[in-house]
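*Asks:* Below is a structure I'd like to ask you about.
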Amino acid sequence: MGILKYTMAAAVAVSLAGPAVAADKIKMGALATLEGAFTVLGEDSMRGVKMALEEFGYKAGGKEIELITGSSDATPDSAIRATRKLVEQDGVQILIGPLSGSEGLAVKDYAKTQPNVTFLNGSSAAQDTTLRNPADNFFRFSTEGAQWMAGLGEYAYNEKGYRSMAVLAEDYSFPYTQVFGFLEPFCRLGGKAPADARFWVPIGNKDYSSVIAALPDDVDAIYVALGGADAVNFLTQYEQSGGDLPLVGGSITVDQSVLGSKGNIKKSVIGTPSAGPVSDTWDDPRWATFVKTYQTMFPKGFPSPSLFAHAYYINTKAALLALNEVNGDLSDGEKKFRAALSKLSFETPTGMVSVDERRNAIADIFLTEVIEGPDGNLVNKTIKIIPQVNQTLGVSYDKFLEYGQVSRENPKCD
Amino acid sequence: MLTVVFLLAYPAFASDFFVFQIGAYTLILGTIALSLMMLAGYGGMVSLAQVTVAGFAAYLMAILGDNSVGVMGLGWPWWLTVLVSVLGAALFSAFIGAVSVRTEGIYTIMITLAVAVAFFFFVRQNYVLFNGFSGFAGVEPPTIFGIYWRDPTPFYYLTLAVAAGFFWAVYYGAKSTFGLSLQAIRDNPRRMRALGYNVTLHRITAYFFAGLIAGVAGVLLVWFNGRISPGTIGVDVAIDILVIAVVGGMRHPIGPFLGAIAFVLLENFAIDLIDRERFNMVIGTAFLLVVLFSPDGLLGLWNRVRPKLRFKRDTQLSADRVENGKPAKAGSPDNN
């Protein structure tokens with residue numbers, strides 16, 4: 001029994017020696033997945049945060065910024081535990097995070113219980129984080145999964161001439177959002193993607209042979225929304241099995257982390273169109289500078305910053321710019337700071353970004369296509385930039401809500 | 001006695017964060033680990049499915065009671081939901097027991113692990129009942145006597161009452177007829193069977209009681225998190241519970257709670273001690289050291305240190321005793 005006493009005493013000692021908030025310092029928390037399946041992506045996110053802070057010399061509004069990091073493992077529970085520690089124990093006044101979709105929904109709910117702290121999204125891209133029941137103190141300067149698909153449905157129907165498509169995606173909120181964002185315009189134009197041609201696989205699925213065997217051969221193309229290792233596994237196995245249907249990719253299906261892999265995927269992915277918030281090979285000076293800075297700061301990072309680094313960078317930068325605007329004044333429940341954030345409109349490596357009345361980003365989206373680069377590497381060529389895409393994809397808020405919540409069957413499309 | 005006073009007075013001087021996230025969470029994890037300690041320490045059955053049982057109760061709370069997701073949520077009154085959830089979890093645990101009791105040692109671990117993994121994948125892919133990957137959110141404890149039970153201090157006392165209740169139940173239960181026969185079955189099932197005991201039934205009953213404990217802890221867990229999803233009951237969590245029980249010590253019901261304190265403190269603060277990319281190594285190393293230097297866990301470590309402290313002044317005396325009265329050789333059987 002005695003040891004219990006001592007351990008508890010130690011715990012109390014730690015709690016009493018808790019954080020002392022100095023007036024000339026602002027505490028900023030950053031939460032990403034530094035453990036579990038998304039560790040590599042979480043590490044790149046932290047690079048994004050550091051790039052923004054470095055750019056401002058760890059100072060904003062005349063005050064020093066102290067960065068405290070937290071880690072989750074992509075489950076909502078762990079995200080809440082880490083957030084609670086950062087907010088209630090470490091006393092952060094601004095929090096950047098989290099990384100993945102379901103975590104974002106959980107942190108938004110938690111944000112409602114902490115009205116004196118301002119939350120800025122990391123890279124989580126589930127629709128309902130800001131669309132339905134948003135929290136007043138949760139901002140998302142990075143766009144979400146359905147916005148990332150802007151223009152891709154029209155492109156597949158009009159330019160590529162696809163009329164019926166099969167769908168293969170992971171079975172959780174972020175791919176639902178992506179599938180919705182792709183199919184909504186595609187089906188409105190007259191395309192078909194019936195429910196029995198949609199395949200949902202669990203995250204971390206290794207064997208796609210049964211899915212590949214079940215894919216219908218009377219469709220024009222397959223829309224694939226898988227990420228990381230799942231995408232590599234599917235593409236490799238699809239190529240091995242001699243599959244020859246053209247593909248259309250989700251935002252993280254044919255990005256650098258997949259194209260740079262060692263798998264033999266060249267034949268099936270060349271010519272695959274995709275869309276997302278970043279484009280690796282965009283020849284704009286703003287993006288080129290961003291990539292250059294990233295490469296100099298993090299020689300051990302990816303060849304070019306991932307969309308996770310990009311999203312965390314933009315959200316951190318938004319917080320710092322707003323702090324400059326209010327001279328670091330976070331008094332009165334951070335009211336002035338939030339007002340500044342709502343009005344903020346700023347230049348990012350991928351164009352202008354501002355937020356709508358539900359505090360979700362309006363930004364440019366890139367339509368890309370995989371090509372073989374001059375040195376044999378696979379890269380994404382920028383085809384088109386869809387300017388200033390908002391969360392309701394061009395229609396009014398009420399009309400957009402009528403489309404219903406994203407799910408496996410939304411939109412119907414048969 | 002000091003410990004009791006300390007535990008009761010804890011919210012008076014600790015911050016909300018320490019009361020809720022450290023205190024209450026420790027007690028919940030400790031209670032789940034207690035159900036494992038009871039099965040493993042007294043029954044010799046290491047079950048990796050205790051988190052599954054707790055998760056089953058948590059899911060029942062979301063399905064039968066209220067949630068904010070819009071799937072299921074039958075809206076039963078809270079007392080009925082809690083009762084059915086806990087009993088359901090206990091029956092589920094008894095079922096796991098019925099499947100696994102005829103196995104021993106590593107095979108019990110394998111079967112219960114299989115149950116845990118199967119349940120994890122089932123809830124992740126079933127959308128009609130369990131709402132798949134995203135699970136349920138917005139599961140709230142009721143407001144009774146004008147107290148909102150999720151506020152840190154009331155919730156802490158609730159978990160403390162539950163944990164203390166089960167602690168004494170297991171502590172005294174181990175000395176009851178049932179507890180003693182369970183320990184006898186652990187030591188020699190064949191002899192107990194020959195004596196006329198129904199070994200299988202005893203073991204299944206033990207699983208039922210362990211299920212009650214884990215079920216109540218599961219109800220507290222879903223109130224604590226406000227949500228339940230497959231990630232809460234994954235294999236890594238099942239292993240966390242095993243680590244807590246082993247690191248704490250399996251010989252006394254206080255062990256799991258010691259393990260839980262160490263686990264929760266490390267989980268929360270290891271990231272402050274070391275570079276963020278390496279903090280899981282600190283957690284692993286700490287547990288490795290405990291198990292390496294004390295196979296009985298923290299409890300064994302304490303038991304080993306205590307005599308040295310307490311009997312320091314008696315050392316001379318006992319040394320003399322050993323000198324004079326050399327161990328008798330007469331009764332030893334190996335002189336043929």
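By convention here, the chains of the structure tokens are called A, B, ... in the order presented, each chain's residues are numbered starting at 1, and ligands are numbered starting at 1 in the order presented.
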Restrict the distance test to only C-alpha atoms, flag each residue of chain B within 7 Å of chain A, and return the flagged residues as a PyMOL selection string.
*Replies:* chain B and resi 3+14-15+17-18+133-134+225+231-232+258+277
*Asks:* Grab the residues selected above and save them as a PDB file, in the first residue's frame with N, CA and C atoms.
*Replies:*
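out02.pdb, freshly written:
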```pdb
ATOM      1  N   THR B   3      -3.296   5.891   3.155  1.00  0.00           N
ATOM      2  CA  THR B   3      -3.649   5.827   1.744  1.00  0.00           C
ATOM      3  C   THR B   3      -5.114   6.201   1.543  1.00  0.00           C
ATOM      4  N   ALA B  14      -5.481  18.538  -5.844  1.00  0.00           N
ATOM      5  CA  ALA B  14      -4.960  18.288  -7.181  1.00  0.00           C
ATOM      6  C   ALA B  14      -5.781  19.077  -8.196  1.00  0.00           C
ATOM      7  N   SER B  15      -5.166  19.393  -9.332  1.00  0.00           N
ATOM      8  CA  SER B  15      -5.882  20.137 -10.371  1.00  0.00           C
ATOM      9  C   SER B  15      -6.895  19.212 -11.051  1.00  0.00           C
ATOM     10  N   PHE B  17      -7.166  18.392 -14.048  1.00  0.00           N
ATOM     11  CA  PHE B  17      -6.504  17.454 -14.956  1.00  0.00           C
ATOM     12  C   PHE B  17      -6.026  16.226 -14.198  1.00  0.00           C
ATOM     13  N   PHE B  18      -5.434  16.448 -13.007  1.00  0.00           N
ATOM     14  CA  PHE B  18      -4.921  15.317 -12.243  1.00  0.00           C
ATOM     15  C   PHE B  18      -6.034  14.494 -11.622  1.00  0.00           C
ATOM     16  N   PHE B 133     -16.231   1.924 -38.099  1.00  0.00           N
ATOM     17  CA  PHE B 133     -14.972   2.550 -37.725  1.00  0.00           C
ATOM     18  C   PHE B 133     -15.149   3.724 -36.772  1.00  0.00           C
ATOM     19  N   SER B 134     -16.161   4.539 -36.983  1.00  0.00           N
ATOM     20  CA  SER B 134     -16.255   5.743 -36.149  1.00  0.00           C
ATOM     21  C   SER B 134     -16.929   5.493 -34.807  1.00  0.00           C
ATOM     22  N   ASN B 225     -14.611   8.706 -21.555  1.00  0.00           N
ATOM     23  CA  ASN B 225     -14.258   9.170 -22.894  1.00  0.00           C
ATOM     24  C   ASN B 225     -15.410   9.904 -23.567  1.00  0.00           C
ATOM     25  N   GLY B 231     -11.107   1.478 -31.882  1.00  0.00           N
ATOM     26  CA  GLY B 231      -9.764   1.767 -31.388  1.00  0.00           C
ATOM     27  C   GLY B 231      -9.636   1.601 -29.880  1.00  0.00           C
ATOM     28  N   THR B 232     -10.752   1.781 -29.157  1.00  0.00           N
ATOM     29  CA  THR B 232     -10.725   1.676 -27.704  1.00  0.00           C
ATOM     30  C   THR B 232     -10.498   0.241 -27.245  1.00  0.00           C
ATOM     31  N   LEU B 258      -1.402  -0.284  -8.822  1.00  0.00           N
ATOM     32  CA  LEU B 258      -0.030   0.241  -8.887  1.00  0.00           C
ATOM     33  C   LEU B 258       0.425   0.310 -10.336  1.00  0.00           C
ATOM     34  N   GLU B 277       9.971  11.883 -30.556  1.00  0.00           N
ATOM     35  CA  GLU B 277       9.975  10.700 -31.407  1.00  0.00           C
ATOM     36  C   GLU B 277      10.375   9.442 -30.650  1.00  0.00           C
TER      37      GLU B 277
END
```
*Asks:* Considering only C-alpha atoms, return as an MDAnalysis selection string whatever protein or nucleic-acid residues lie within 8 Å of segment 168-181 of chain B, sequence-local ones (same chain, fewer than 6 positions apart) excluded.
*Replies:* chainID B and resid 38 42 202 252:253
*Asks:* List the spatial neighbours of segment 370-377 of chain A as a PyMOL selection string - criterion: any atom at most 12 Å away, only C-alpha atoms, same-chain residues fewer than 4 positions off excluded.
*Replies:* chain A and resi 246-249+253-256+258-262+265-275+279-281+303+381-383
*Asks:* From the set A:Lys292, A:Lys27, A:Lys300, A:Lys192, which residue has the shortest atom-to-atom contact distance to Val92 of chain A, counting only C-alpha atoms?
*Replies:*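 The shortest atom-to-atom distance to Val92 of chain A comes from A:Lys27.
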*Asks:* Kindly give the distance, in Å, that separates atom CA of Ile252 of chain A and atom CA of Phe136 of chain B, rounded to a single decimal.
*Replies:*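 Computing it gives 26.6 Å between the two atoms.
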*Asks:* Would you please extract all strand (DSSP E or B) residues from segment 30-107 of chain A, as assigned by DSSP on the backbone, and give them as a PyMOL selection string?
*Replies:* chain A and resi 30-33+59-60+63-72+94-96
*Asks:* Go ahead and dump the residues you just picked, C-alpha atoms, as a PDB file, in the first residue's frame.
*Replies:*
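part.pdb, written as the output of this step:
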```
ATOM      1  CA  ALA A  30       0.776  20.896 -31.741  1.00  0.00           C
ATOM      2  CA  LEU A  31      -0.924  17.524 -31.908  1.00  0.00           C
ATOM      3  CA  ALA A  32      -0.142  14.888 -34.541  1.00  0.00           C
ATOM      4  CA  THR A  33       0.126  11.108 -34.827  1.00  0.00           C
ATOM      5  CA  LYS A  59       7.768  35.271 -32.278  1.00  0.00           C
ATOM      6  CA  ALA A  60       4.348  36.724 -33.004  1.00  0.00           C
ATOM      7  CA  LYS A  63       5.657  37.696 -27.770  1.00  0.00           C
ATOM      8  CA  GLU A  64       7.702  34.582 -27.778  1.00  0.00           C
ATOM      9  CA  ILE A  65       5.970  31.380 -28.900  1.00  0.00           C
ATOM     10  CA  GLU A  66       6.619  28.253 -26.873  1.00  0.00           C
ATOM     11  CA  LEU A  67       5.801  25.060 -28.760  1.00  0.00           C
ATOM     12  CA  ILE A  68       4.578  21.978 -26.861  1.00  0.00           C
ATOM     13  CA  THR A  69       3.959  18.803 -28.819  1.00  0.00           C
ATOM     14  CA  GLY A  70       1.464  16.030 -28.170  1.00  0.00           C
ATOM     15  CA  SER A  71       0.989  12.655 -29.764  1.00  0.00           C
ATOM     16  CA  SER A  72      -1.985  10.472 -30.628  1.00  0.00           C
ATOM     17  CA  ILE A  94      -3.676  27.870 -29.101  1.00  0.00           C
ATOM     18  CA  LEU A  95      -3.754  24.287 -30.330  1.00  0.00           C
ATOM     19  CA  ILE A  96      -2.849  23.067 -33.835  1.00  0.00           C
TER      20      ILE A  96
END
```
*Asks:* Using only C-alpha atoms for the distances, tell me which of A:Gln388, A:Ser45, A:Asn410, A:Gln127 is nearest to Ala146 of chain A.
*Replies:*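 Residue with the minimum atom-to-atom distance to Ala146 of chain A: A:Gln127.
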*Asks:* Could you jot down the atom CA of Leu298 of chain B to atom CA of Gly249 of chain B separation for me, Å, one decimal place?
*Replies:*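 Between these atoms lies a distance of 6.0 Å.
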